[in-house]
$ cat structure.cif   # mmCIF, C-alpha atoms
data_start
loop_
_atom_site.label_atom_id
_atom_site.label_comp_id
_atom_site.auth_asym_id
_atom_site.auth_seq_id
_atom_site.Cartn_x
_atom_site.Cartn_y
_atom_site.Cartn_z
CA MET W 1 0.00 0.00 0.00
CA SER W 2 3.02 2.22 -0.31
CA GLY W 3 2.16 5.58 -1.82
CA ALA W 4 -1.59 5.06 -1.42
CA PRO W 5 -3.73 7.93 -0.14
CA THR W 6 -4.18 7.80 3.60
CA THR W 7 -6.90 8.99 5.94
CA ASP W 8 -7.63 8.66 9.65
CA VAL W 9 -11.20 7.44 9.04
CA LEU W 10 -12.55 6.04 5.79
CA VAL W 11 -16.34 6.13 5.44
CA ILE W 12 -17.69 3.75 2.80
CA GLY W 13 -21.05 5.00 1.57
CA GLY W 14 -22.16 8.54 0.80
CA GLY W 15 -25.78 8.12 1.79
CA LEU W 16 -27.49 9.73 4.73
CA GLU W 17 -25.82 7.64 7.44
CA GLY W 18 -22.32 7.77 5.99
CA CYS W 19 -22.48 11.53 5.57
CA ALA W 20 -23.95 11.90 9.08
CA ALA W 21 -21.05 9.85 10.43
CA ALA W 22 -18.51 12.02 8.64
CA TRP W 23 -20.21 15.17 9.94
CA ALA W 24 -20.22 13.85 13.51
CA LEU W 25 -16.60 12.71 13.32
CA THR W 26 -15.45 16.12 12.11
CA GLY W 27 -17.51 17.71 14.86
CA ARG W 28 -15.46 15.78 17.37
CA GLY W 29 -12.20 16.92 15.82
CA ALA W 30 -11.47 13.93 13.57
CA THR W 31 -11.15 16.10 10.48
CA ASP W 32 -9.02 13.69 8.41
CA VAL W 33 -12.10 11.82 7.18
CA THR W 34 -12.69 10.53 3.65
CA ILE W 35 -16.10 9.53 2.29
CA VAL W 36 -16.13 7.25 -0.75
CA GLU W 37 -19.42 6.90 -2.62
CA ARG W 38 -19.99 4.52 -5.53
CA ALA W 39 -22.25 7.03 -7.36
CA THR W 40 -23.31 10.39 -5.92
CA VAL W 41 -24.32 11.55 -2.44
CA GLY W 42 -27.78 10.27 -1.58
CA SER W 43 -28.20 8.29 -4.78
CA GLY W 44 -29.11 5.00 -3.07
CA GLY W 45 -31.91 4.44 -0.58
CA THR W 46 -31.55 7.95 0.82
CA GLY W 47 -33.14 9.60 -2.19
CA LYS W 48 -36.24 7.42 -1.89
CA SER W 49 -36.94 7.97 1.80
CA SER W 50 -40.50 8.96 2.72
CA GLY W 51 -38.94 11.30 5.27
CA VAL W 52 -41.31 10.84 8.22
CA VAL W 53 -40.00 12.28 11.49
CA ARG W 54 -41.38 10.74 14.70
CA CYS W 55 -40.13 9.52 18.06
CA HIS W 56 -42.84 6.91 18.61
CA TYR W 57 -40.81 3.78 19.34
CA GLY W 58 -41.30 1.04 21.88
CA VAL W 59 -37.53 0.51 21.82
CA THR W 60 -36.47 3.36 24.07
CA SER W 61 -32.97 3.69 22.64
CA LEU W 62 -34.53 4.41 19.22
CA ALA W 63 -36.96 6.87 20.79
CA ALA W 64 -34.00 8.60 22.46
CA MET W 65 -32.07 8.76 19.19
CA ALA W 66 -35.08 10.20 17.39
CA THR W 67 -35.75 12.91 19.97
CA GLN W 68 -32.07 13.88 20.14
CA ALA W 69 -32.05 14.10 16.33
CA LEU W 70 -34.88 16.63 16.45
CA ASP W 71 -32.51 19.20 17.91
CA VAL W 72 -30.56 19.05 14.64
CA PHE W 73 -33.64 19.05 12.39
CA GLU W 74 -35.20 22.00 14.20
CA ASN W 75 -31.98 24.02 14.05
CA ALA W 76 -30.59 22.80 10.73
CA VAL W 77 -29.72 26.23 9.37
CA ASP W 78 -27.55 26.94 12.42
CA VAL W 79 -26.16 23.42 12.86
CA LEU W 80 -25.70 22.32 9.24
CA GLY W 81 -25.64 25.67 7.48
CA GLU W 82 -28.75 25.18 5.33
CA ASP W 83 -32.45 24.37 5.23
CA ILE W 84 -32.95 20.60 4.94
CA GLY W 85 -36.66 20.70 4.18
CA PHE W 86 -37.89 19.77 7.65
CA ARG W 87 -41.57 20.64 8.10
CA GLN W 88 -42.88 20.39 11.66
CA THR W 89 -46.48 19.44 10.93
CA GLY W 90 -46.86 17.25 14.00
CA TYR W 91 -47.33 13.48 14.13
CA VAL W 92 -50.35 11.49 15.30
CA VAL W 93 -50.49 7.73 15.73
CA GLY W 94 -53.64 5.71 16.35
CA VAL W 95 -54.04 2.13 17.58
CA GLY W 96 -56.95 -0.28 17.92
CA PRO W 97 -58.63 -1.10 21.26
CA GLN W 98 -56.44 -4.18 21.73
CA ASP W 99 -53.31 -2.00 21.70
CA VAL W 100 -54.34 0.80 24.07
CA ASP W 101 -52.35 -0.55 27.03
CA ALA W 102 -49.28 -1.09 24.82
CA LEU W 103 -49.56 2.47 23.50
CA ARG W 104 -49.69 3.95 26.99
CA ALA W 105 -46.76 1.85 28.18
CA SER W 106 -44.79 2.87 25.08
CA LEU W 107 -45.55 6.56 25.68
CA ALA W 108 -44.32 6.28 29.27
CA GLY W 109 -41.07 4.76 28.04
CA GLN W 110 -40.69 7.48 25.43
CA ARG W 111 -41.25 10.29 27.94
CA ALA W 112 -38.67 8.70 30.25
CA VAL W 113 -35.99 9.30 27.60
CA GLY W 114 -37.04 12.86 26.76
CA VAL W 115 -39.70 12.49 24.05
CA ARG W 116 -42.40 15.15 24.17
CA THR W 117 -45.49 13.07 23.48
CA GLU W 118 -48.98 12.84 24.91
CA GLU W 119 -52.20 10.90 24.53
CA ILE W 120 -55.02 12.84 22.87
CA ASP W 121 -58.65 11.96 22.25
CA ALA W 122 -60.55 11.34 19.04
CA ALA W 123 -62.08 14.82 19.11
CA ALA W 124 -58.61 16.38 18.95
CA VAL W 125 -57.61 14.08 16.09
CA ARG W 126 -60.82 14.91 14.25
CA GLU W 127 -59.79 18.58 14.29
CA LEU W 128 -56.40 17.63 12.83
CA TRP W 129 -57.80 15.21 10.21
CA PRO W 130 -61.49 16.08 9.66
CA VAL W 131 -61.76 13.77 6.61
CA ALA W 132 -60.77 10.63 8.57
CA ASP W 133 -62.94 7.85 9.95
CA LEU W 134 -61.68 7.44 13.52
CA GLU W 135 -64.27 4.94 14.73
CA PRO W 136 -61.97 1.84 14.78
CA PHE W 137 -59.31 3.44 16.99
CA GLY W 138 -58.96 2.92 20.72
CA ALA W 139 -56.35 5.59 21.51
CA PHE W 140 -54.11 8.20 19.90
CA ALA W 141 -50.75 9.78 20.66
CA TRP W 142 -49.54 13.18 19.53
CA GLU W 143 -46.05 14.63 18.96
CA ALA W 144 -46.08 18.34 18.16
CA ARG W 145 -42.40 18.16 17.17
CA GLY W 146 -42.95 15.47 14.55
CA GLY W 147 -43.33 16.00 10.82
CA TYR W 148 -41.38 15.18 7.70
CA GLY W 149 -38.23 16.18 5.90
CA ASP W 150 -36.08 15.63 2.84
CA ALA W 151 -33.50 12.88 3.32
CA TYR W 152 -31.64 13.75 0.12
CA ARG W 153 -31.19 17.40 1.11
CA THR W 154 -30.21 16.31 4.60
CA ALA W 155 -27.50 13.98 3.28
CA GLN W 156 -26.17 16.77 1.08
CA ALA W 157 -26.13 19.10 4.09
CA PHE W 158 -24.24 16.57 6.24
CA ALA W 159 -21.70 16.10 3.43
CA ALA W 160 -21.25 19.83 2.90
CA ALA W 161 -20.81 20.49 6.62
CA ALA W 162 -18.26 17.66 6.90
CA ARG W 163 -16.32 19.03 3.93
CA ARG W 164 -16.24 22.51 5.42
CA ALA W 165 -14.71 20.94 8.53
CA GLY W 166 -11.99 19.26 6.49
CA ALA W 167 -13.46 15.96 5.29
CA THR W 168 -12.85 14.74 1.73
CA LEU W 169 -15.66 13.45 -0.48
CA ARG W 170 -14.92 11.15 -3.41
CA GLN W 171 -17.97 10.41 -5.55
CA GLY W 172 -17.97 7.84 -8.34
CA THR W 173 -15.63 5.76 -6.19
CA ALA W 174 -16.77 2.18 -5.64
CA VAL W 175 -15.14 -0.06 -3.05
CA ALA W 176 -14.25 -3.61 -4.05
CA GLU W 177 -12.78 -4.82 -0.76
CA ILE W 178 -12.16 -3.76 2.81
CA LEU W 179 -8.49 -4.37 3.57
CA VAL W 180 -7.66 -6.19 6.79
CA GLU W 181 -4.20 -6.95 8.20
CA GLY W 182 -3.61 -8.77 11.48
CA GLY W 183 -7.29 -8.65 12.36
CA ARG W 184 -7.54 -4.90 11.89
CA ALA W 185 -9.14 -2.84 9.12
CA THR W 186 -6.44 -0.88 7.30
CA GLY W 187 -8.35 0.70 4.41
CA ALA W 188 -10.04 -0.33 1.19
CA ARG W 189 -9.28 -1.49 -2.30
CA LEU W 190 -11.28 0.44 -4.87
CA ALA W 191 -12.93 -0.94 -7.99
CA ASP W 192 -10.20 0.62 -10.12
CA GLY W 193 -7.55 -1.37 -8.22
CA SER W 194 -6.14 1.53 -6.23
CA THR W 195 -6.15 1.56 -2.43
CA ILE W 196 -6.81 3.96 0.43
CA SER W 197 -5.07 3.39 3.76
CA ALA W 198 -7.06 4.22 6.89
CA GLY W 199 -6.76 4.09 10.63
CA ALA W 200 -10.42 3.09 10.94
CA VAL W 201 -13.20 2.16 8.53
CA VAL W 202 -16.91 2.95 8.76
CA LEU W 203 -19.12 0.82 6.52
CA ALA W 204 -22.42 2.60 5.81
CA ALA W 205 -23.31 1.29 2.37
CA GLY W 206 -26.81 -0.03 3.03
CA PRO W 207 -27.43 -3.39 1.32
CA TRP W 208 -24.09 -3.09 -0.50
CA SER W 209 -22.44 -3.52 2.92
CA VAL W 210 -23.35 -7.22 2.99
CA PRO W 211 -20.79 -8.62 0.50
CA LEU W 212 -18.01 -6.39 1.83
CA LEU W 213 -18.47 -7.94 5.28
CA ALA W 214 -19.09 -11.46 3.97
CA ALA W 215 -15.63 -11.43 2.39
CA HIS W 216 -14.27 -11.41 5.95
CA GLY W 217 -16.65 -14.05 7.26
CA ILE W 218 -19.02 -11.55 8.87
CA ASP W 219 -22.74 -12.15 8.36
CA LEU W 220 -24.87 -9.00 8.14
CA PRO W 221 -28.44 -10.34 7.88
CA ILE W 222 -30.21 -7.92 5.57
CA THR W 223 -33.15 -8.44 3.24
CA VAL W 224 -33.58 -5.80 0.55
CA HIS W 225 -37.27 -4.88 0.51
CA ARG W 226 -38.89 -2.82 -2.25
CA GLU W 227 -40.98 -0.14 -0.57
CA GLN W 228 -43.67 1.31 -2.80
CA ILE W 229 -45.01 4.84 -2.36
CA VAL W 230 -48.10 6.51 -3.84
CA LEU W 231 -48.68 10.25 -4.08
CA ILE W 232 -52.33 11.24 -3.95
CA ASP W 233 -54.09 14.39 -5.12
CA PRO W 234 -56.68 14.81 -2.33
CA GLY W 235 -59.06 16.75 -4.58
CA VAL W 236 -59.60 19.31 -1.80
CA ASP W 237 -57.43 21.74 0.13
CA LEU W 238 -56.71 19.86 3.35
CA GLY W 239 -54.88 22.71 5.02
CA PRO W 240 -52.06 22.01 7.50
CA VAL W 241 -52.60 18.32 8.32
CA PRO W 242 -50.05 16.35 10.38
CA VAL W 243 -48.44 13.02 9.61
CA PHE W 244 -50.93 10.26 10.50
CA SER W 245 -49.76 6.74 11.36
CA ASP W 246 -52.71 4.37 11.28
CA LEU W 247 -51.85 1.15 13.13
CA VAL W 248 -55.34 -0.27 12.63
CA SER W 249 -55.25 -0.56 8.84
CA LEU W 250 -51.43 -0.33 8.78
CA GLN W 251 -50.76 2.74 6.67
CA TYR W 252 -49.21 6.15 7.06
CA VAL W 253 -49.92 9.38 5.24
CA ARG W 254 -48.19 12.70 5.30
CA PRO W 255 -48.64 16.00 3.49
CA GLU W 256 -46.37 17.06 0.67
CA THR W 257 -45.35 20.70 0.24
CA GLY W 258 -47.40 20.96 -2.97
CA GLY W 259 -50.65 19.86 -1.36
CA GLU W 260 -50.48 16.18 -2.28
CA ILE W 261 -50.54 13.33 0.24
CA LEU W 262 -47.84 10.67 0.44
CA PHE W 263 -49.13 7.17 1.25
CA GLY W 264 -47.03 4.33 2.60
CA ASN W 265 -47.96 0.82 3.68
CA SER W 266 -47.01 -0.10 7.27
CA ASP W 267 -47.73 -3.79 6.84
CA LEU W 268 -44.34 -5.45 6.42
CA ALA W 269 -45.35 -8.92 7.58
CA VAL W 270 -44.43 -10.13 4.08
CA LEU W 271 -41.41 -8.49 2.46
CA ASP W 272 -40.97 -7.82 -1.26
CA PRO W 273 -37.34 -8.87 -1.86
CA ALA W 274 -35.52 -6.88 -4.53
CA ASP W 275 -32.16 -6.32 -6.18
CA PRO W 276 -31.07 -2.82 -5.09
CA ASP W 277 -29.34 -2.37 -8.44
CA ASP W 278 -32.30 -3.51 -10.53
CA TYR W 279 -35.86 -3.02 -9.33
CA SER W 280 -39.06 -1.41 -10.61
CA ASN W 281 -39.13 2.27 -9.70
CA GLN W 282 -42.94 2.46 -9.83
CA ALA W 283 -45.67 1.06 -7.61
CA GLY W 284 -47.35 -2.02 -9.04
CA GLU W 285 -51.03 -2.26 -9.90
CA ALA W 286 -51.81 -4.39 -6.84
CA PHE W 287 -50.19 -1.82 -4.56
CA VAL W 288 -52.13 1.02 -6.16
CA ASP W 289 -55.32 -0.98 -5.58
CA LEU W 290 -54.29 -1.50 -1.94
CA THR W 291 -53.70 2.24 -1.61
CA VAL W 292 -57.13 3.07 -2.98
CA GLN W 293 -58.73 0.58 -0.59
CA LYS W 294 -56.84 1.68 2.52
CA VAL W 295 -57.04 5.42 1.92
CA GLY W 296 -60.68 5.19 0.84
CA THR W 297 -61.60 3.31 4.01
CA ARG W 298 -59.70 5.53 6.42
CA PHE W 299 -60.37 8.88 4.73
CA PRO W 300 -63.93 8.75 3.37
CA GLY W 301 -63.93 12.54 3.21
CA LEU W 302 -61.53 12.37 0.25
CA ALA W 303 -64.21 11.38 -2.22
CA ALA W 304 -62.56 13.28 -5.10
CA ALA W 305 -59.02 12.00 -4.49
CA SER W 306 -56.94 10.60 -7.36
CA ILE W 307 -53.52 9.01 -7.88
CA ALA W 308 -50.95 11.65 -8.79
CA SER W 309 -47.80 9.52 -9.16
CA THR W 310 -45.88 6.62 -7.65
CA TYR W 311 -42.32 5.57 -6.97
CA ALA W 312 -40.42 2.85 -5.15
CA GLY W 313 -37.23 2.58 -3.14
CA CYS W 314 -35.48 -0.08 -1.09
CA TYR W 315 -35.25 -0.70 2.64
CA ASP W 316 -32.33 -2.70 4.04
CA VAL W 317 -34.26 -4.77 6.56
CA THR W 318 -32.79 -6.78 9.44
CA PRO W 319 -34.56 -9.73 11.12
CA ASP W 320 -35.78 -7.51 13.98
CA PHE W 321 -36.46 -4.44 11.80
CA ASN W 322 -33.87 -2.44 13.73
CA PRO W 323 -30.48 -1.11 12.63
CA VAL W 324 -26.99 -2.42 13.13
CA ILE W 325 -24.67 0.32 14.44
CA SER W 326 -21.80 -1.69 15.76
CA ARG W 327 -18.18 -2.57 16.05
CA THR W 328 -17.37 -5.82 14.28
CA PRO W 329 -15.02 -8.77 14.83
CA VAL W 330 -12.51 -6.83 12.71
CA ASP W 331 -10.78 -4.27 14.90
CA GLY W 332 -11.26 -0.71 13.66
CA LEU W 333 -14.26 -1.59 11.47
CA VAL W 334 -17.65 -0.12 12.43
CA VAL W 335 -20.83 -0.91 10.48
CA ALA W 336 -23.99 1.22 10.25
CA ALA W 337 -26.59 -0.52 8.07
CA GLY W 338 -29.91 -2.32 8.12
CA PHE W 339 -31.95 0.75 9.00
CA SER W 340 -35.23 -0.92 8.02
CA GLY W 341 -36.96 2.36 7.21
CA HIS W 342 -35.93 4.22 10.39
CA GLY W 343 -32.76 5.83 9.10
CA PHE W 344 -33.81 9.38 8.26
CA LYS W 345 -35.42 10.33 11.56
CA ILE W 346 -32.46 9.11 13.64
CA SER W 347 -29.64 10.05 11.25
CA PRO W 348 -27.99 12.83 13.32
CA SER W 349 -27.87 10.45 16.29
CA VAL W 350 -26.56 7.63 14.10
CA GLY W 351 -23.69 9.88 13.10
CA ALA W 352 -22.97 10.68 16.75
CA LEU W 353 -23.09 7.01 17.77
CA VAL W 354 -20.76 5.98 14.93
CA ALA W 355 -18.31 8.71 15.93
CA ASP W 356 -18.45 7.49 19.53
CA LEU W 357 -17.76 3.90 18.48
CA VAL W 358 -14.84 4.93 16.26
CA LEU W 359 -13.23 7.30 18.75
CA ASP W 360 -14.23 5.88 22.15
CA GLY W 361 -15.41 2.34 21.48
CA ARG W 362 -18.71 2.98 23.26
CA SER W 363 -21.80 5.16 23.13
CA GLY W 364 -21.84 8.59 24.70
CA LEU W 365 -25.49 9.26 23.84
CA PRO W 366 -27.93 9.47 26.76
CA HIS W 367 -30.26 6.44 26.97
CA VAL W 368 -28.58 4.78 23.96
CA PRO W 369 -26.47 1.78 25.02
CA GLU W 370 -24.30 0.61 22.14
CA SER W 371 -25.21 -2.97 23.01
CA ASP W 372 -28.77 -2.47 21.69
CA PHE W 373 -27.51 -2.16 18.12
CA ARG W 374 -24.69 -4.72 18.23
CA LEU W 375 -24.33 -6.93 15.19
CA SER W 376 -23.84 -10.02 17.34
CA ARG W 377 -27.42 -9.91 18.69
CA PHE W 378 -28.68 -11.94 15.73
CA ALA W 379 -26.20 -14.79 16.23
CA GLU W 380 -26.98 -14.64 19.95
CA GLY W 381 -30.71 -15.04 19.32
CA ALA W 382 -31.33 -11.76 21.15
CA PRO W 383 -33.22 -9.49 18.72
CA LEU W 384 -33.95 -5.89 19.63
CA ARG W 385 -37.71 -5.67 20.08
CA SER W 386 -40.20 -3.40 21.76
CA PRO W 387 -41.32 -4.61 25.20
CA HIS W 388 -44.75 -3.24 24.26
CA PRO W 389 -45.50 -4.66 20.81
CA TYR W 390 -48.65 -3.75 18.93
CA ILE W 391 -50.77 -6.68 17.82
CA GLY W 392 -50.42 -7.09 14.07
CA ALA W 393 -48.27 -3.96 13.73
CA GLY W 394 -45.02 -4.93 15.34
CA GLN W 395 -42.54 -4.81 12.48
CA MET W 396 -41.94 -1.06 12.45
CA ARG W 397 -42.23 -0.33 16.14
#
$ encode --input "structure.cif" --output "structure tokens"
Amino acid sequence: MSGAPTTDVLVIGGGLEGCAAAWALTGRGATDVTIVERATVGSGGTGKSSGVVRCHYGVTSLAAMATQALDVFENAVDVLGEDIGFRQTGYVVGVGPQDVDALRASLAGQRAVGVRTEEIDAAAVRELWPVADLEPFGAFAWEARGGYGDAYRTAQAFAAAARRAGATLRQGTAVAEILVEGGRATGARLADGSTISAGAVVLAAGPWSVPLLAAHGIDLPITVHREQIVLIDPGVDLGPVPVFSDLVSLQYVRPETGGEILFGNSDLAVLDPADPDDYSNQAGEAFVDLTVQKVGTRFPGLAAASIASTYAGCYDVTPDFNPVISRTPVDGLVVAAGFSGHGFKISPSVGALVADLVLDGRSGLPHVPESDFRLSRFAEGAPLRSPHPYIGAGQMR
């Protein structure tokens, strides 16, 4: 590796989490950081994120990460130097009668780690979403700080802030192999055959992380799931509606800045496996039919609604639907992948946790033990799950 470029920390993957890690590392003084991205910043799963921001998690470490991330989203112009498209519309979640106790227990756990959330009644939700049928719900929770944002703009902002602090960004730079000597990560071999030497390596390449770890005998259990999204023209001016997570019919909707509504399906009991390099970028006919059925049932007041457009992206899903943010059996190699749809809302905290693992070997985030997100939990048969699961709606909670 004589004569190869060198860096203190090499970040593989220029998506949201890799750029957040670089930003957090530079914020802690590790300014000799290099990001290598196979295409362009945010060109993978980041650019297809639905961008929902909420802290409603039964896993309290995730709730803590989400609420700590809000401080960055709310102050993005000061912290990152630019507007990242965060819109604080509020977030409401509703559950069926069988899940009322679980909701209340989950809210207590969330408040214990700093989340500002409260239970509200159907009358309050009816004011927020007057076109909705709320009859099947047993209870609702409300987060005034919730909303939605733009993951692509946020990744760009993390990258720009990291570069201003001294980090280097190399786009169009694919990694063929993580280099390991004596049990320690020492850099990477690029697709063009050149190498980069590094004191530590952060692997944040989403589903493309899997083969890079497998080459060293490390199993990262990820299923690539095609997530379909439908944009709806409501046919009426809804005004300032919040994000609505419906855990009865398993759907979520959020406003778009142009007046449309974004629909996503929360039922991930059966995944739709996909090739992240070759998948249909549009929602299928069956999914559009499902959208019409679910939205029509929950929002009968949208009688004149129509389909505006559709798209699809990919989630990197782990067996417990929670991320891996972890040191690995290779010394100096930290992985951040498998975000399972949660990545945007916790991304500033992911960056901070990765920086902690690289520089200190442990988490410095309040209420976020690094052991929760350890890669070894799968081999140990100890998945990270909510102690208060919702019946029939557990995958994303």
$ residues_around --input "structure.cif" --residues "Cys19 in chain W" --least-positions-apart "4" --cutoff "10 Å" --atoms "all atoms listed in the file" --output "mmCIF file with C-alpha atoms, in the frame of the given file"
data_model
loop_
_atom_site.group_PDB
_atom_site.id
_atom_site.type_symbol
_atom_site.label_atom_id
_atom_site.label_comp_id
_atom_site.auth_asym_id
_atom_site.auth_seq_id
_atom_site.Cartn_x
_atom_site.Cartn_y
_atom_site.Cartn_z
ATOM 1 C CA VAL W 11 -16.340 6.130 5.440
ATOM 2 C CA ILE W 12 -17.690 3.750 2.800
ATOM 3 C CA GLY W 13 -21.050 5.000 1.570
ATOM 4 C CA GLY W 14 -22.160 8.540 0.800
ATOM 5 C CA GLY W 15 -25.780 8.120 1.790
ATOM 6 C CA TRP W 23 -20.210 15.170 9.940
ATOM 7 C CA ALA W 24 -20.220 13.850 13.510
ATOM 8 C CA LEU W 25 -16.600 12.710 13.320
ATOM 9 C CA ILE W 35 -16.100 9.530 2.290
ATOM 10 C CA VAL W 36 -16.130 7.250 -0.750
ATOM 11 C CA GLU W 37 -19.420 6.900 -2.620
ATOM 12 C CA VAL W 41 -24.320 11.550 -2.440
ATOM 13 C CA GLY W 42 -27.780 10.270 -1.580
ATOM 14 C CA THR W 154 -30.210 16.310 4.600
ATOM 15 C CA ALA W 155 -27.500 13.980 3.280
ATOM 16 C CA GLN W 156 -26.170 16.770 1.080
ATOM 17 C CA ALA W 157 -26.130 19.100 4.090
ATOM 18 C CA PHE W 158 -24.240 16.570 6.240
ATOM 19 C CA ALA W 159 -21.700 16.100 3.430
ATOM 20 C CA ALA W 160 -21.250 19.830 2.900
ATOM 21 C CA ALA W 161 -20.810 20.490 6.620
ATOM 22 C CA ALA W 162 -18.260 17.660 6.900
ATOM 23 C CA ARG W 163 -16.320 19.030 3.930
ATOM 24 C CA LEU W 169 -15.660 13.450 -0.480
ATOM 25 C CA ALA W 204 -22.420 2.600 5.810
ATOM 26 C CA SER W 347 -29.640 10.050 11.250
ATOM 27 C CA PRO W 348 -27.990 12.830 13.320
ATOM 28 C CA GLY W 351 -23.690 9.880 13.100
#
$ resolve_selection --input "structure.cif" --expression "the PyMOL selection byres ((chain W and resi 234-247) around 7)" --output "ChimeraX atom specification"
/W:89-95,128-129,147,232-233,248-255,260-261,302,304-306,393
$ resolve_selection --input "structure.cif" --expression "the PyMOL selection byres ((chain W and resi 265-276) around 7)" --output "PyMOL selection string"
chain W and resi 223-226+250-252+263-264+277-279+314+393+395
$ residues_around --input "structure.cif" --residues "His342 in chain W" --least-positions-apart "5" --cutoff "12 Å" --atoms "all atoms listed in the file" --output "PyMOL selection string"
chain W and resi 16-17+45-46+49-57+62-63+65-66+151+315-318+321-324+337+347+349-350+395-397
$ write_last_selection --input "structure.cif" --atoms "C-alpha atoms" --output "mmCIF file, keeping the file's coordinate frame"
data_model
loop_
_atom_site.group_PDB
_atom_site.id
_atom_site.type_symbol
_atom_site.label_atom_id
_atom_site.label_comp_id
_atom_site.auth_asym_id
_atom_site.auth_seq_id
_atom_site.Cartn_x
_atom_site.Cartn_y
_atom_site.Cartn_z
ATOM 1 C CA LEU W 16 -27.490 9.730 4.730
ATOM 2 C CA GLU W 17 -25.820 7.640 7.440
ATOM 3 C CA GLY W 45 -31.910 4.440 -0.580
ATOM 4 C CA THR W 46 -31.550 7.950 0.820
ATOM 5 C CA SER W 49 -36.940 7.970 1.800
ATOM 6 C CA SER W 50 -40.500 8.960 2.720
ATOM 7 C CA GLY W 51 -38.940 11.300 5.270
ATOM 8 C CA VAL W 52 -41.310 10.840 8.220
ATOM 9 C CA VAL W 53 -40.000 12.280 11.490
ATOM 10 C CA ARG W 54 -41.380 10.740 14.700
ATOM 11 C CA CYS W 55 -40.130 9.520 18.060
ATOM 12 C CA HIS W 56 -42.840 6.910 18.610
ATOM 13 C CA TYR W 57 -40.810 3.780 19.340
ATOM 14 C CA LEU W 62 -34.530 4.410 19.220
ATOM 15 C CA ALA W 63 -36.960 6.870 20.790
ATOM 16 C CA MET W 65 -32.070 8.760 19.190
ATOM 17 C CA ALA W 66 -35.080 10.200 17.390
ATOM 18 C CA ALA W 151 -33.500 12.880 3.320
ATOM 19 C CA TYR W 315 -35.250 -0.700 2.640
ATOM 20 C CA ASP W 316 -32.330 -2.700 4.040
ATOM 21 C CA VAL W 317 -34.260 -4.770 6.560
ATOM 22 C CA THR W 318 -32.790 -6.780 9.440
ATOM 23 C CA PHE W 321 -36.460 -4.440 11.800
ATOM 24 C CA ASN W 322 -33.870 -2.440 13.730
ATOM 25 C CA PRO W 323 -30.480 -1.110 12.630
ATOM 26 C CA VAL W 324 -26.990 -2.420 13.130
ATOM 27 C CA ALA W 337 -26.590 -0.520 8.070
ATOM 28 C CA SER W 347 -29.640 10.050 11.250
ATOM 29 C CA SER W 349 -27.870 10.450 16.290
ATOM 30 C CA VAL W 350 -26.560 7.630 14.100
ATOM 31 C CA GLN W 395 -42.540 -4.810 12.480
ATOM 32 C CA MET W 396 -41.940 -1.060 12.450
ATOM 33 C CA ARG W 397 -42.230 -0.330 16.140
#
$ resolve_selection --input "structure.cif" --expression "the PyMOL selection byres ((chain W and resi 355-370) around 7)" --output "VMD selection string"
chain W and resid 21 24 to 25 61 64 113 327 334 351 to 354 371 to 374
$ atom_distance --input "structure.cif" --atom1 "CA of Glu143 in chain W" --atom2 "CA of Thr67 in chain W"
10.5 Å
$ closest_residue --input "structure.cif" --among "W:Gly187, W:Gly146, W:Pro389, W:Pro136" --to "Leu203 in chain W" --atoms "all atoms listed in the file"
W:Gly187
$ atom_distance --input "structure.cif" --atom1 "CA of Glu256 in chain W" --atom2 "CA of Glu227 in chain W"
18.1 Å
$ atom_distance --input "structure.cif" --atom1 "CA of Gly259 in chain W" --atom2 "CA of Ala283 in chain W"
20.4 Å
$ residues_near_point --input "structure.cif" --point "(-17.0, -5.1, -2.4)" --cutoff "7 Å" --atoms "all atoms listed in the file" --output "count of residues only"
5
$ closest_residue --input "structure.cif" --among "W:Asp71, W:Glu119, W:Asp99, W:Asp320" --to "Phe86 in chain W" --atoms "only C-alpha atoms"
W:Asp71
$ closest_residue --input "structure.cif" --among "W:Ala105, W:Val100, W:Val335, W:Ala20" --to "Ser386 in chain W" --atoms "all atoms listed in the file"
W:Ala105
$ closest_residue --input "structure.cif" --among "W:Ala165, W:Leu103, W:Val330, W:Ile229" --to "Phe140 in chain W" --atoms "only C-alpha atoms"
W:Leu103
$ axis_aligned_box --input "structure.cif" --around "range 379-395 of chain W" --padding-each-side "4 Å" --output "JSON"
{"center_x": -38.5, "center_y": -9.1, "center_z": 18.8, "size_x": 32.6, "size_y": 19.8, "size_z": 20.7}
$ residues_near_point --input "structure.cif" --point "(-56.4, 10.6, 26.6)" --cutoff "12 Å" --atoms "all atoms listed in the file" --output "PyMOL selection string"
chain W and resi 94+100-101+103-104+107+117-125+138-142
$ closest_residue --input "structure.cif" --among "W:Val202, W:Ala312, W:Leu231, W:Ile346" --to "Thr291 in chain W" --atoms "all atoms listed in the file"
W:Leu231
$ closest_residue --input "structure.cif" --among "W:Ile196, W:Asp219, W:Leu134, W:Thr34" --to "Ala379 in chain W" --atoms "only C-alpha atoms"
W:Asp219
